[in-house]
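Reproduced below: run25.txt, with compact mmCIF, N, CA and C atoms.
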# COMPACT_ATOMS: atom_id res chain seq x y z
N MET A 1 -227.22 61.22 -92.79
CA MET A 1 -226.44 60.02 -92.46
C MET A 1 -225.94 60.15 -91.03
N LEU A 2 -226.10 59.09 -90.27
CA LEU A 2 -225.66 59.06 -88.89
C LEU A 2 -224.14 59.02 -88.82
N HIS A 3 -223.57 59.80 -87.92
CA HIS A 3 -222.13 59.78 -87.65
C HIS A 3 -221.93 59.00 -86.35
N ILE A 4 -221.13 57.96 -86.42
CA ILE A 4 -220.90 57.09 -85.27
C ILE A 4 -219.42 57.17 -84.90
N GLN A 5 -219.18 57.47 -83.64
CA GLN A 5 -217.83 57.48 -83.10
C GLN A 5 -217.73 56.33 -82.10
N ILE A 6 -216.67 55.57 -82.21
CA ILE A 6 -216.41 54.51 -81.24
C ILE A 6 -215.09 54.83 -80.58
N ILE A 7 -215.16 55.15 -79.29
CA ILE A 7 -213.95 55.39 -78.50
C ILE A 7 -213.64 54.09 -77.78
N GLN A 8 -212.44 53.61 -77.98
CA GLN A 8 -212.06 52.34 -77.37
C GLN A 8 -210.73 52.50 -76.64
N VAL A 9 -210.66 51.89 -75.48
CA VAL A 9 -209.44 51.96 -74.68
C VAL A 9 -208.61 50.72 -74.97
N GLY A 10 -207.38 50.95 -75.40
CA GLY A 10 -206.47 49.85 -75.72
C GLY A 10 -206.59 49.45 -77.18
N LYS A 11 -205.47 49.12 -77.77
CA LYS A 11 -205.43 48.75 -79.18
C LYS A 11 -205.97 47.34 -79.41
N THR A 12 -206.51 47.14 -80.59
CA THR A 12 -206.85 45.79 -81.02
C THR A 12 -205.57 45.16 -81.53
N LYS A 13 -205.21 44.03 -80.96
CA LYS A 13 -203.91 43.44 -81.28
C LYS A 13 -204.01 42.23 -82.21
N ASP A 14 -205.06 41.45 -82.08
CA ASP A 14 -205.17 40.22 -82.86
C ASP A 14 -205.68 40.50 -84.27
N LYS A 15 -204.99 39.95 -85.26
CA LYS A 15 -205.30 40.23 -86.66
C LYS A 15 -206.74 39.87 -87.02
N PHE A 16 -207.24 38.75 -86.52
CA PHE A 16 -208.62 38.37 -86.90
C PHE A 16 -209.64 39.36 -86.36
N PHE A 17 -209.39 40.00 -85.22
CA PHE A 17 -210.29 41.05 -84.74
C PHE A 17 -210.14 42.32 -85.58
N ILE A 18 -208.91 42.67 -85.92
CA ILE A 18 -208.66 43.83 -86.78
C ILE A 18 -209.38 43.66 -88.12
N ASP A 19 -209.25 42.47 -88.70
CA ASP A 19 -209.91 42.19 -89.98
C ASP A 19 -211.43 42.26 -89.85
N ALA A 20 -211.97 41.71 -88.77
CA ALA A 20 -213.43 41.73 -88.58
C ALA A 20 -213.93 43.16 -88.39
N GLU A 21 -213.22 43.96 -87.60
CA GLU A 21 -213.60 45.37 -87.41
C GLU A 21 -213.60 46.09 -88.76
N GLY A 22 -212.56 45.88 -89.54
CA GLY A 22 -212.46 46.52 -90.84
C GLY A 22 -213.59 46.12 -91.77
N GLU A 23 -213.95 44.86 -91.75
CA GLU A 23 -215.05 44.38 -92.61
C GLU A 23 -216.36 45.05 -92.24
N PHE A 24 -216.68 45.13 -90.95
CA PHE A 24 -217.95 45.74 -90.56
C PHE A 24 -217.95 47.25 -90.78
N ILE A 25 -216.82 47.90 -90.60
CA ILE A 25 -216.74 49.34 -90.88
C ILE A 25 -216.98 49.57 -92.37
N LYS A 26 -216.41 48.70 -93.21
CA LYS A 26 -216.62 48.80 -94.66
C LYS A 26 -218.11 48.60 -94.99
N ARG A 27 -218.73 47.59 -94.41
CA ARG A 27 -220.15 47.33 -94.67
C ARG A 27 -221.03 48.49 -94.20
N LEU A 28 -220.64 49.10 -93.11
CA LEU A 28 -221.44 50.20 -92.54
C LEU A 28 -221.34 51.49 -93.35
N SER A 29 -220.35 51.60 -94.21
CA SER A 29 -220.12 52.85 -94.93
C SER A 29 -221.32 53.30 -95.76
N ARG A 30 -222.20 52.40 -96.14
CA ARG A 30 -223.39 52.82 -96.90
C ARG A 30 -224.50 53.36 -96.00
N TYR A 31 -224.38 53.13 -94.69
CA TYR A 31 -225.42 53.55 -93.75
C TYR A 31 -225.00 54.70 -92.83
N ALA A 32 -223.71 54.75 -92.52
CA ALA A 32 -223.23 55.70 -91.52
C ALA A 32 -221.75 56.00 -91.74
N LYS A 33 -221.32 57.10 -91.18
CA LYS A 33 -219.89 57.42 -91.16
C LYS A 33 -219.38 56.95 -89.80
N VAL A 34 -218.45 56.02 -89.81
CA VAL A 34 -217.93 55.44 -88.58
C VAL A 34 -216.49 55.86 -88.38
N GLN A 35 -216.21 56.35 -87.19
CA GLN A 35 -214.84 56.73 -86.83
C GLN A 35 -214.49 56.04 -85.53
N THR A 36 -213.33 55.41 -85.49
CA THR A 36 -212.86 54.81 -84.24
C THR A 36 -211.70 55.63 -83.71
N ASP A 37 -211.73 55.87 -82.41
CA ASP A 37 -210.66 56.57 -81.71
C ASP A 37 -210.14 55.64 -80.63
N THR A 38 -208.87 55.31 -80.72
CA THR A 38 -208.26 54.40 -79.75
C THR A 38 -207.42 55.20 -78.77
N ILE A 39 -207.64 54.93 -77.50
CA ILE A 39 -206.92 55.60 -76.42
C ILE A 39 -206.07 54.55 -75.71
N GLU A 40 -204.85 54.90 -75.43
CA GLU A 40 -203.99 53.96 -74.70
C GLU A 40 -204.51 53.74 -73.30
N ALA A 41 -204.41 52.50 -72.86
CA ALA A 41 -204.83 52.15 -71.50
C ALA A 41 -203.73 52.59 -70.54
N ASP A 42 -204.01 53.65 -69.78
CA ASP A 42 -203.06 54.14 -68.77
C ASP A 42 -203.81 54.95 -67.73
N SER A 43 -203.09 55.63 -66.90
CA SER A 43 -203.72 56.35 -65.79
C SER A 43 -204.49 57.59 -66.23
N GLY A 44 -204.31 58.06 -67.47
CA GLY A 44 -204.98 59.26 -67.92
C GLY A 44 -206.20 59.01 -68.80
N GLU A 45 -206.76 57.80 -68.75
CA GLU A 45 -207.87 57.42 -69.63
C GLU A 45 -209.07 58.36 -69.51
N GLU A 46 -209.44 58.69 -68.29
CA GLU A 46 -210.64 59.49 -68.05
C GLU A 46 -210.60 60.80 -68.82
N GLU A 47 -209.54 61.54 -68.68
CA GLU A 47 -209.41 62.84 -69.35
C GLU A 47 -209.33 62.66 -70.87
N LYS A 48 -208.60 61.66 -71.32
CA LYS A 48 -208.45 61.42 -72.76
C LYS A 48 -209.80 61.07 -73.40
N ILE A 49 -210.59 60.26 -72.71
CA ILE A 49 -211.92 59.90 -73.23
C ILE A 49 -212.79 61.15 -73.32
N GLN A 50 -212.85 61.92 -72.23
CA GLN A 50 -213.71 63.11 -72.20
C GLN A 50 -213.33 64.09 -73.32
N LYS A 51 -212.05 64.24 -73.60
CA LYS A 51 -211.60 65.16 -74.64
C LYS A 51 -211.97 64.69 -76.04
N ARG A 52 -212.06 63.40 -76.24
CA ARG A 52 -212.31 62.84 -77.57
C ARG A 52 -213.80 62.79 -77.94
N ILE A 53 -214.68 62.81 -76.96
CA ILE A 53 -216.12 62.69 -77.25
C ILE A 53 -216.57 63.86 -78.12
N TRP A 54 -217.24 63.55 -79.21
CA TRP A 54 -217.74 64.59 -80.10
C TRP A 54 -218.72 65.49 -79.37
N LYS A 55 -218.63 66.77 -79.65
CA LYS A 55 -219.56 67.74 -79.08
C LYS A 55 -220.97 67.45 -79.62
N ASP A 56 -221.96 67.60 -78.77
CA ASP A 56 -223.37 67.38 -79.12
C ASP A 56 -223.68 65.95 -79.56
N SER A 57 -222.85 65.02 -79.17
CA SER A 57 -223.07 63.62 -79.50
C SER A 57 -223.85 62.93 -78.38
N TYR A 58 -224.70 61.99 -78.75
CA TYR A 58 -225.40 61.16 -77.76
C TYR A 58 -224.38 60.14 -77.26
N LYS A 59 -224.08 60.17 -75.96
CA LYS A 59 -223.02 59.35 -75.39
C LYS A 59 -223.55 58.03 -74.83
N VAL A 60 -222.99 56.93 -75.33
CA VAL A 60 -223.38 55.59 -74.91
C VAL A 60 -222.16 54.86 -74.38
N VAL A 61 -222.20 54.44 -73.13
CA VAL A 61 -221.10 53.62 -72.59
C VAL A 61 -221.54 52.17 -72.56
N LEU A 62 -220.63 51.30 -72.93
CA LEU A 62 -220.93 49.88 -72.83
C LEU A 62 -220.63 49.47 -71.39
N GLU A 63 -221.67 49.07 -70.70
CA GLU A 63 -221.61 48.82 -69.26
C GLU A 63 -222.43 47.56 -68.97
N ILE A 64 -221.83 46.60 -68.30
CA ILE A 64 -222.48 45.31 -68.04
C ILE A 64 -223.83 45.46 -67.31
N LYS A 65 -223.97 46.51 -66.51
CA LYS A 65 -225.22 46.72 -65.76
C LYS A 65 -226.20 47.64 -66.50
N GLY A 66 -225.89 47.95 -67.76
CA GLY A 66 -226.71 48.87 -68.52
C GLY A 66 -227.95 48.22 -69.11
N LYS A 67 -228.67 48.99 -69.91
CA LYS A 67 -229.90 48.55 -70.56
C LYS A 67 -229.56 47.56 -71.67
N GLU A 68 -230.34 46.49 -71.72
CA GLU A 68 -230.17 45.51 -72.78
C GLU A 68 -231.26 45.72 -73.84
N PHE A 69 -230.91 45.48 -75.10
CA PHE A 69 -231.83 45.60 -76.23
C PHE A 69 -231.85 44.29 -77.01
N SER A 70 -232.98 44.00 -77.64
CA SER A 70 -232.99 42.99 -78.70
C SER A 70 -232.37 43.66 -79.92
N SER A 71 -232.06 42.91 -80.94
CA SER A 71 -231.51 43.51 -82.16
C SER A 71 -232.50 44.48 -82.79
N GLU A 72 -233.78 44.15 -82.74
CA GLU A 72 -234.81 45.04 -83.29
C GLU A 72 -234.92 46.33 -82.49
N GLU A 73 -234.84 46.23 -81.18
CA GLU A 73 -234.88 47.43 -80.33
C GLU A 73 -233.64 48.30 -80.56
N PHE A 74 -232.50 47.66 -80.74
CA PHE A 74 -231.27 48.40 -81.01
C PHE A 74 -231.37 49.12 -82.35
N ALA A 75 -231.99 48.47 -83.35
CA ALA A 75 -232.20 49.11 -84.65
C ALA A 75 -233.04 50.39 -84.48
N LYS A 76 -234.07 50.32 -83.66
CA LYS A 76 -234.91 51.50 -83.41
C LYS A 76 -234.10 52.59 -82.69
N PHE A 77 -233.22 52.19 -81.79
CA PHE A 77 -232.34 53.15 -81.13
C PHE A 77 -231.46 53.86 -82.17
N LEU A 78 -230.90 53.10 -83.11
CA LEU A 78 -230.07 53.71 -84.16
C LEU A 78 -230.89 54.68 -85.00
N GLU A 79 -232.12 54.30 -85.29
CA GLU A 79 -232.99 55.17 -86.08
C GLU A 79 -233.23 56.49 -85.36
N LYS A 80 -233.52 56.42 -84.05
CA LYS A 80 -233.71 57.64 -83.26
C LYS A 80 -232.42 58.44 -83.16
N SER A 81 -231.29 57.76 -83.04
CA SER A 81 -230.00 58.44 -82.97
C SER A 81 -229.73 59.21 -84.26
N GLY A 82 -230.24 58.70 -85.36
CA GLY A 82 -230.07 59.38 -86.64
C GLY A 82 -230.69 60.75 -86.64
N GLU A 83 -231.75 60.93 -85.83
CA GLU A 83 -232.38 62.25 -85.71
C GLU A 83 -231.43 63.24 -85.04
N LYS A 84 -230.64 62.77 -84.10
CA LYS A 84 -229.66 63.62 -83.41
C LYS A 84 -228.45 63.88 -84.31
N GLY A 85 -228.11 62.86 -85.11
CA GLY A 85 -227.02 63.02 -86.07
C GLY A 85 -225.70 62.40 -85.65
N LYS A 86 -225.43 62.37 -84.34
CA LYS A 86 -224.14 61.85 -83.87
C LYS A 86 -224.35 60.99 -82.63
N VAL A 87 -223.68 59.86 -82.60
CA VAL A 87 -223.69 59.01 -81.42
C VAL A 87 -222.26 58.53 -81.16
N THR A 88 -221.87 58.54 -79.90
CA THR A 88 -220.55 58.08 -79.49
C THR A 88 -220.71 56.88 -78.58
N PHE A 89 -220.11 55.76 -78.97
CA PHE A 89 -220.07 54.57 -78.13
C PHE A 89 -218.70 54.53 -77.47
N ILE A 90 -218.68 54.25 -76.18
CA ILE A 90 -217.42 54.21 -75.43
C ILE A 90 -217.23 52.81 -74.88
N ILE A 91 -216.12 52.18 -75.28
CA ILE A 91 -215.80 50.82 -74.85
C ILE A 91 -214.56 50.89 -73.98
N GLY A 92 -214.67 50.40 -72.77
CA GLY A 92 -213.54 50.42 -71.85
C GLY A 92 -212.50 49.38 -72.21
N GLY A 93 -211.40 49.47 -71.55
CA GLY A 93 -210.31 48.52 -71.72
C GLY A 93 -210.40 47.42 -70.67
N PRO A 94 -209.29 46.78 -70.39
CA PRO A 94 -209.28 45.67 -69.44
C PRO A 94 -209.79 46.04 -68.03
N HIS A 95 -209.71 47.33 -67.68
CA HIS A 95 -210.13 47.75 -66.34
C HIS A 95 -211.45 48.51 -66.37
N GLY A 96 -212.16 48.45 -67.48
CA GLY A 96 -213.47 49.09 -67.56
C GLY A 96 -213.39 50.55 -67.97
N ILE A 97 -214.45 51.28 -67.65
CA ILE A 97 -214.58 52.69 -68.01
C ILE A 97 -214.55 53.51 -66.72
N PRO A 98 -213.83 54.62 -66.70
CA PRO A 98 -213.81 55.46 -65.50
C PRO A 98 -215.22 55.86 -65.06
N LYS A 99 -215.42 55.90 -63.76
CA LYS A 99 -216.75 56.18 -63.18
C LYS A 99 -217.35 57.49 -63.69
N SER A 100 -216.56 58.53 -63.80
CA SER A 100 -217.11 59.83 -64.23
C SER A 100 -217.61 59.77 -65.68
N VAL A 101 -216.97 58.95 -66.50
CA VAL A 101 -217.41 58.79 -67.90
C VAL A 101 -218.74 58.05 -67.92
N ILE A 102 -218.86 57.03 -67.10
CA ILE A 102 -220.13 56.29 -67.00
C ILE A 102 -221.24 57.21 -66.54
N GLU A 103 -220.96 58.00 -65.52
CA GLU A 103 -222.00 58.89 -64.96
C GLU A 103 -222.42 59.99 -65.92
N SER A 104 -221.54 60.39 -66.84
CA SER A 104 -221.87 61.46 -67.77
C SER A 104 -222.56 60.95 -69.04
N ALA A 105 -222.71 59.64 -69.16
CA ALA A 105 -223.30 59.06 -70.37
C ALA A 105 -224.81 59.32 -70.44
N ASP A 106 -225.30 59.41 -71.67
CA ASP A 106 -226.74 59.52 -71.90
C ASP A 106 -227.41 58.16 -71.78
N LEU A 107 -226.65 57.10 -72.07
CA LEU A 107 -227.19 55.74 -72.00
C LEU A 107 -226.09 54.79 -71.56
N LYS A 108 -226.44 53.92 -70.64
CA LYS A 108 -225.56 52.83 -70.25
C LYS A 108 -226.15 51.60 -70.95
N PHE A 109 -225.36 50.99 -71.82
CA PHE A 109 -225.82 49.93 -72.72
C PHE A 109 -225.06 48.65 -72.45
N SER A 110 -225.80 47.56 -72.25
CA SER A 110 -225.18 46.26 -72.03
C SER A 110 -225.47 45.36 -73.21
N MET A 111 -224.43 44.79 -73.78
CA MET A 111 -224.62 43.82 -74.86
C MET A 111 -224.86 42.43 -74.30
N SER A 112 -224.54 42.25 -73.03
CA SER A 112 -224.74 40.96 -72.38
C SER A 112 -224.38 41.12 -70.90
N ARG A 113 -224.90 40.23 -70.08
CA ARG A 113 -224.47 40.23 -68.68
C ARG A 113 -223.16 39.47 -68.54
N MET A 114 -222.71 38.84 -69.62
CA MET A 114 -221.44 38.13 -69.60
C MET A 114 -220.31 39.13 -69.87
N THR A 115 -219.10 38.77 -69.49
CA THR A 115 -217.93 39.61 -69.74
C THR A 115 -217.20 39.07 -70.96
N PHE A 116 -216.83 40.00 -71.87
CA PHE A 116 -216.06 39.66 -73.06
C PHE A 116 -214.79 40.50 -73.06
N THR A 117 -213.80 40.07 -73.82
CA THR A 117 -212.61 40.91 -73.94
C THR A 117 -212.98 42.19 -74.67
N HIS A 118 -212.22 43.25 -74.42
CA HIS A 118 -212.52 44.52 -75.09
C HIS A 118 -212.33 44.41 -76.59
N GLN A 119 -211.47 43.50 -77.06
CA GLN A 119 -211.31 43.29 -78.51
C GLN A 119 -212.55 42.63 -79.11
N MET A 120 -213.10 41.65 -78.42
CA MET A 120 -214.29 40.96 -78.92
C MET A 120 -215.51 41.87 -78.97
N ILE A 121 -215.71 42.64 -77.92
CA ILE A 121 -216.92 43.46 -77.83
C ILE A 121 -216.95 44.51 -78.94
N ARG A 122 -215.78 44.95 -79.38
CA ARG A 122 -215.73 45.92 -80.49
C ARG A 122 -216.34 45.32 -81.75
N VAL A 123 -215.98 44.08 -82.04
CA VAL A 123 -216.54 43.40 -83.21
C VAL A 123 -218.03 43.17 -83.01
N PHE A 124 -218.42 42.74 -81.82
CA PHE A 124 -219.84 42.50 -81.54
C PHE A 124 -220.65 43.79 -81.72
N LEU A 125 -220.12 44.91 -81.23
CA LEU A 125 -220.83 46.18 -81.36
C LEU A 125 -220.98 46.56 -82.84
N LEU A 126 -219.90 46.49 -83.59
CA LEU A 126 -219.96 46.84 -85.01
C LEU A 126 -220.94 45.93 -85.75
N GLU A 127 -220.94 44.65 -85.41
CA GLU A 127 -221.87 43.72 -86.06
C GLU A 127 -223.31 44.09 -85.74
N GLN A 128 -223.58 44.44 -84.49
CA GLN A 128 -224.95 44.79 -84.11
C GLN A 128 -225.39 46.11 -84.73
N ILE A 129 -224.47 47.04 -84.88
CA ILE A 129 -224.80 48.29 -85.57
C ILE A 129 -225.16 47.97 -87.03
N TYR A 130 -224.34 47.14 -87.67
CA TYR A 130 -224.63 46.73 -89.05
C TYR A 130 -225.97 46.01 -89.13
N ARG A 131 -226.19 45.08 -88.23
CA ARG A 131 -227.45 44.33 -88.19
C ARG A 131 -228.63 45.30 -88.02
N GLY A 132 -228.46 46.28 -87.14
CA GLY A 132 -229.53 47.25 -86.92
C GLY A 132 -229.91 47.99 -88.19
N PHE A 133 -228.91 48.42 -88.96
CA PHE A 133 -229.21 49.11 -90.21
C PHE A 133 -229.88 48.19 -91.22
N THR A 134 -229.46 46.91 -91.25
CA THR A 134 -230.10 45.99 -92.20
C THR A 134 -231.54 45.70 -91.78
N ILE A 135 -231.81 45.69 -90.50
CA ILE A 135 -233.19 45.53 -90.02
C ILE A 135 -234.03 46.72 -90.49
N LEU A 136 -233.50 47.92 -90.32
CA LEU A 136 -234.23 49.13 -90.71
C LEU A 136 -234.52 49.15 -92.21
N GLU A 137 -233.62 48.56 -93.00
CA GLU A 137 -233.80 48.55 -94.45
C GLU A 137 -234.51 47.29 -94.96
N GLY A 138 -234.84 46.37 -94.04
CA GLY A 138 -235.52 45.15 -94.46
C GLY A 138 -234.65 44.19 -95.24
N LYS A 139 -233.34 44.24 -95.03
CA LYS A 139 -232.41 43.34 -95.73
C LYS A 139 -232.49 41.94 -95.13
N THR A 140 -232.04 40.95 -95.90
CA THR A 140 -232.13 39.56 -95.45
C THR A 140 -231.00 39.14 -94.52
N TYR A 141 -230.12 40.06 -94.13
CA TYR A 141 -229.03 39.72 -93.20
C TYR A 141 -229.60 39.25 -91.86
N HIS A 142 -230.69 39.87 -91.42
CA HIS A 142 -231.31 39.54 -90.14
C HIS A 142 -232.52 38.66 -90.37
N TYR A 143 -232.55 37.49 -89.72
CA TYR A 143 -233.69 36.57 -89.87
C TYR A 143 -234.46 36.45 -88.58

As structure tokens, the full file:
Amino acid sequence: MLHIQIIQVGKTKDKFFIDAEGEFIKRLSRYAKVQTDTIEADSGEEEKIQKRIWKDSYKVVLEIKGKEFSSEEFAKFLEKSGEKGKVTFIIGGPHGIPKSVIESADLKFSMSRMTFTHQMIRVFLLEQIYRGFTILEGKTYHY
């Protein structure tokens, strides 16, 4: 079973985003173990992020200039990540991700060239992870 860590800068404040995150984490429990680590947005973000990243984890930063995937391509990425066993997704806060964290990533991943709030992108990422697993299993969630 794939272990997924999501490091996010800044708390999710809006209830509908909290509820959506919880729903997708619940749905994902049959496919992966998902852990979210929230770091306060402040001047020490860089060090806090680096300390939280799981050892031997494939590091993915969400970066607007990163590689884009179709949902099917992302599903294949998740399948390959399962071979490694652990993947860490890093979502920046309102001011993005520190440069050194971006440079140390194994993959720079863009969900869109558009900018979304850090609360929204968390839900989008969880949904795409869920969608990816349903694609791999041939479920009817993805058409």

Enumerate the residues of chain A with a DSSP assignment of alpha helix (DSSP H), computed from the backbone, and present them as an NGL selection string.
:A and (15-28 or 45-52 or 71-84 or 99-103 or 118-137)

Between atom C of A:Phe89 and atom CA of A:His142, what is the distance in Å, rounded to a tenth?
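Atom-to-atom, atom C of A:Phe89 to atom CA of A:His142, that is 23.3 Å.
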
Between atom CA of A:Gly85 and atom CA of A:His3, what is the distance in Å, rounded to a tenth?
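For atom CA of A:Gly85 relative to atom CA of A:His3, the distance reads 6.1 Å.
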
Please return, as an NGL selection string, all polymer residues that have at least one atom within 12 Å of the point (-219.6, 57.7, -67.8); use only C-alpha atoms and the file's own coordinate frame.
:A and (45-47 or 49-50 or 53 or 59-63 or 66 or 88-92 or 96-109)

Using only C-alpha atoms, find all polymer residues with an atom at most 10 Å away from the point (-224.9, 62.8, -95.8); report them as a PyMOL selection string.
chain A and resi 1-3+31-33+85

Can you check which residues of chain A DSSP gives as strand (DSSP E or B) on the backbone and send them as an MDAnalysis selection string?
chainID A and resid 2:9 32:39 58:67 86:91 93 96 107:109

Please identify all polymer residues within 8 Å of A:Val9, counting only N, CA and C atoms, omitting same-chain residues fewer than 2 positions from it, and present them as an NGL selection string.
:A and (6-7 or 11-12 or 37-42 or 45 or 90-94 or 96 or 118)

Residues from last step as file, N, CA and C atoms, as a PDB file, keeping the file's coordinate frame:
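Final output, saved to selection_26.pdb:
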ATOM      1  N   ILE A   6    -216.670  55.570 -82.210  1.00  0.00           N
ATOM      2  CA  ILE A   6    -216.410  54.510 -81.240  1.00  0.00           C
ATOM      3  C   ILE A   6    -215.090  54.830 -80.580  1.00  0.00           C
ATOM      4  N   ILE A   7    -215.160  55.150 -79.290  1.00  0.00           N
ATOM      5  CA  ILE A   7    -213.950  55.390 -78.500  1.00  0.00           C
ATOM      6  C   ILE A   7    -213.640  54.090 -77.780  1.00  0.00           C
ATOM      7  N   LYS A  11    -205.470  49.120 -77.770  1.00  0.00           N
ATOM      8  CA  LYS A  11    -205.430  48.750 -79.180  1.00  0.00           C
ATOM      9  C   LYS A  11    -205.970  47.340 -79.410  1.00  0.00           C
ATOM     10  N   THR A  12    -206.510  47.140 -80.590  1.00  0.00           N
ATOM     11  CA  THR A  12    -206.850  45.790 -81.020  1.00  0.00           C
ATOM     12  C   THR A  12    -205.570  45.160 -81.530  1.00  0.00           C
ATOM     13  N   ASP A  37    -211.730  55.870 -82.410  1.00  0.00           N
ATOM     14  CA  ASP A  37    -210.660  56.570 -81.710  1.00  0.00           C
ATOM     15  C   ASP A  37    -210.140  55.640 -80.630  1.00  0.00           C
ATOM     16  N   THR A  38    -208.870  55.310 -80.720  1.00  0.00           N
ATOM     17  CA  THR A  38    -208.260  54.400 -79.750  1.00  0.00           C
ATOM     18  C   THR A  38    -207.420  55.200 -78.770  1.00  0.00           C
ATOM     19  N   ILE A  39    -207.640  54.930 -77.500  1.00  0.00           N
ATOM     20  CA  ILE A  39    -206.920  55.600 -76.420  1.00  0.00           C
ATOM     21  C   ILE A  39    -206.070  54.550 -75.710  1.00  0.00           C
ATOM     22  N   GLU A  40    -204.850  54.900 -75.430  1.00  0.00           N
ATOM     23  CA  GLU A  40    -203.990  53.960 -74.700  1.00  0.00           C
ATOM     24  C   GLU A  40    -204.510  53.740 -73.300  1.00  0.00           C
ATOM     25  N   ALA A  41    -204.410  52.500 -72.860  1.00  0.00           N
ATOM     26  CA  ALA A  41    -204.830  52.150 -71.500  1.00  0.00           C
ATOM     27  C   ALA A  41    -203.730  52.590 -70.540  1.00  0.00           C
ATOM     28  N   ASP A  42    -204.010  53.650 -69.780  1.00  0.00           N
ATOM     29  CA  ASP A  42    -203.060  54.140 -68.770  1.00  0.00           C
ATOM     30  C   ASP A  42    -203.810  54.950 -67.730  1.00  0.00           C
ATOM     31  N   GLU A  45    -206.760  57.800 -68.750  1.00  0.00           N
ATOM     32  CA  GLU A  45    -207.870  57.420 -69.630  1.00  0.00           C
ATOM     33  C   GLU A  45    -209.070  58.360 -69.510  1.00  0.00           C
ATOM     34  N   ILE A  90    -218.680  54.250 -76.180  1.00  0.00           N
ATOM     35  CA  ILE A  90    -217.420  54.210 -75.430  1.00  0.00           C
ATOM     36  C   ILE A  90    -217.230  52.810 -74.880  1.00  0.00           C
ATOM     37  N   ILE A  91    -216.120  52.180 -75.280  1.00  0.00           N
ATOM     38  CA  ILE A  91    -215.800  50.820 -74.850  1.00  0.00           C
ATOM     39  C   ILE A  91    -214.560  50.890 -73.980  1.00  0.00           C
ATOM     40  N   GLY A  92    -214.670  50.400 -72.770  1.00  0.00           N
ATOM     41  CA  GLY A  92    -213.540  50.420 -71.850  1.00  0.00           C
ATOM     42  C   GLY A  92    -212.500  49.380 -72.210  1.00  0.00           C
ATOM     43  N   GLY A  93    -211.400  49.470 -71.550  1.00  0.00           N
ATOM     44  CA  GLY A  93    -210.310  48.520 -71.720  1.00  0.00           C
ATOM     45  C   GLY A  93    -210.400  47.420 -70.670  1.00  0.00           C
ATOM     46  N   PRO A  94    -209.290  46.780 -70.390  1.00  0.00           N
ATOM     47  CA  PRO A  94    -209.280  45.670 -69.440  1.00  0.00           C
ATOM     48  C   PRO A  94    -209.790  46.040 -68.030  1.00  0.00           C
ATOM     49  N   GLY A  96    -212.160  48.450 -67.480  1.00  0.00           N
ATOM     50  CA  GLY A  96    -213.470  49.090 -67.560  1.00  0.00           C
ATOM     51  C   GLY A  96    -213.390  50.550 -67.970  1.00  0.00           C
ATOM     52  N   HIS A 118    -212.220  43.250 -74.420  1.00  0.00           N
ATOM     53  CA  HIS A 118    -212.520  44.520 -75.090  1.00  0.00           C
ATOM     54  C   HIS A 118    -212.330  44.410 -76.590  1.00  0.00           C
TER      55      HIS A 118
END

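One finds atom N of A:Arg113 at 7.3 Å from atom N of A:Lys65.
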
Which residue, A:Glu21, A:Asp56, A:Glu73, A:Glu137, has the smallest gap to A:Gln35 when you use only C-alpha atoms?
A:Glu21

A:Met120, A:Ile135, A:Met114, A:Val87: which is nearest A:Ser57, counting only C-alpha atoms?
A:Val87

What lies within 8 Å of A:Ile129 using all atoms listed in the file, ignoring chain neighbours under 3 positions off, as a ChimeraX atom specification?
/A:28,74-75,78,123-126,132-135

Check the smallest atom-to-atom distance from each of A:Ile121, A:Thr115, A:Trp54, A:Gln128 to A:Phe69 using only C-alpha atoms, then report the winner.
A:Gln128

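Compared by their closest atoms to A:Ile64, and using only N, CA and C atoms, the residues A:Met111, A:Gly22, A:Lys80, A:His95 rank with A:Met111 nearest.
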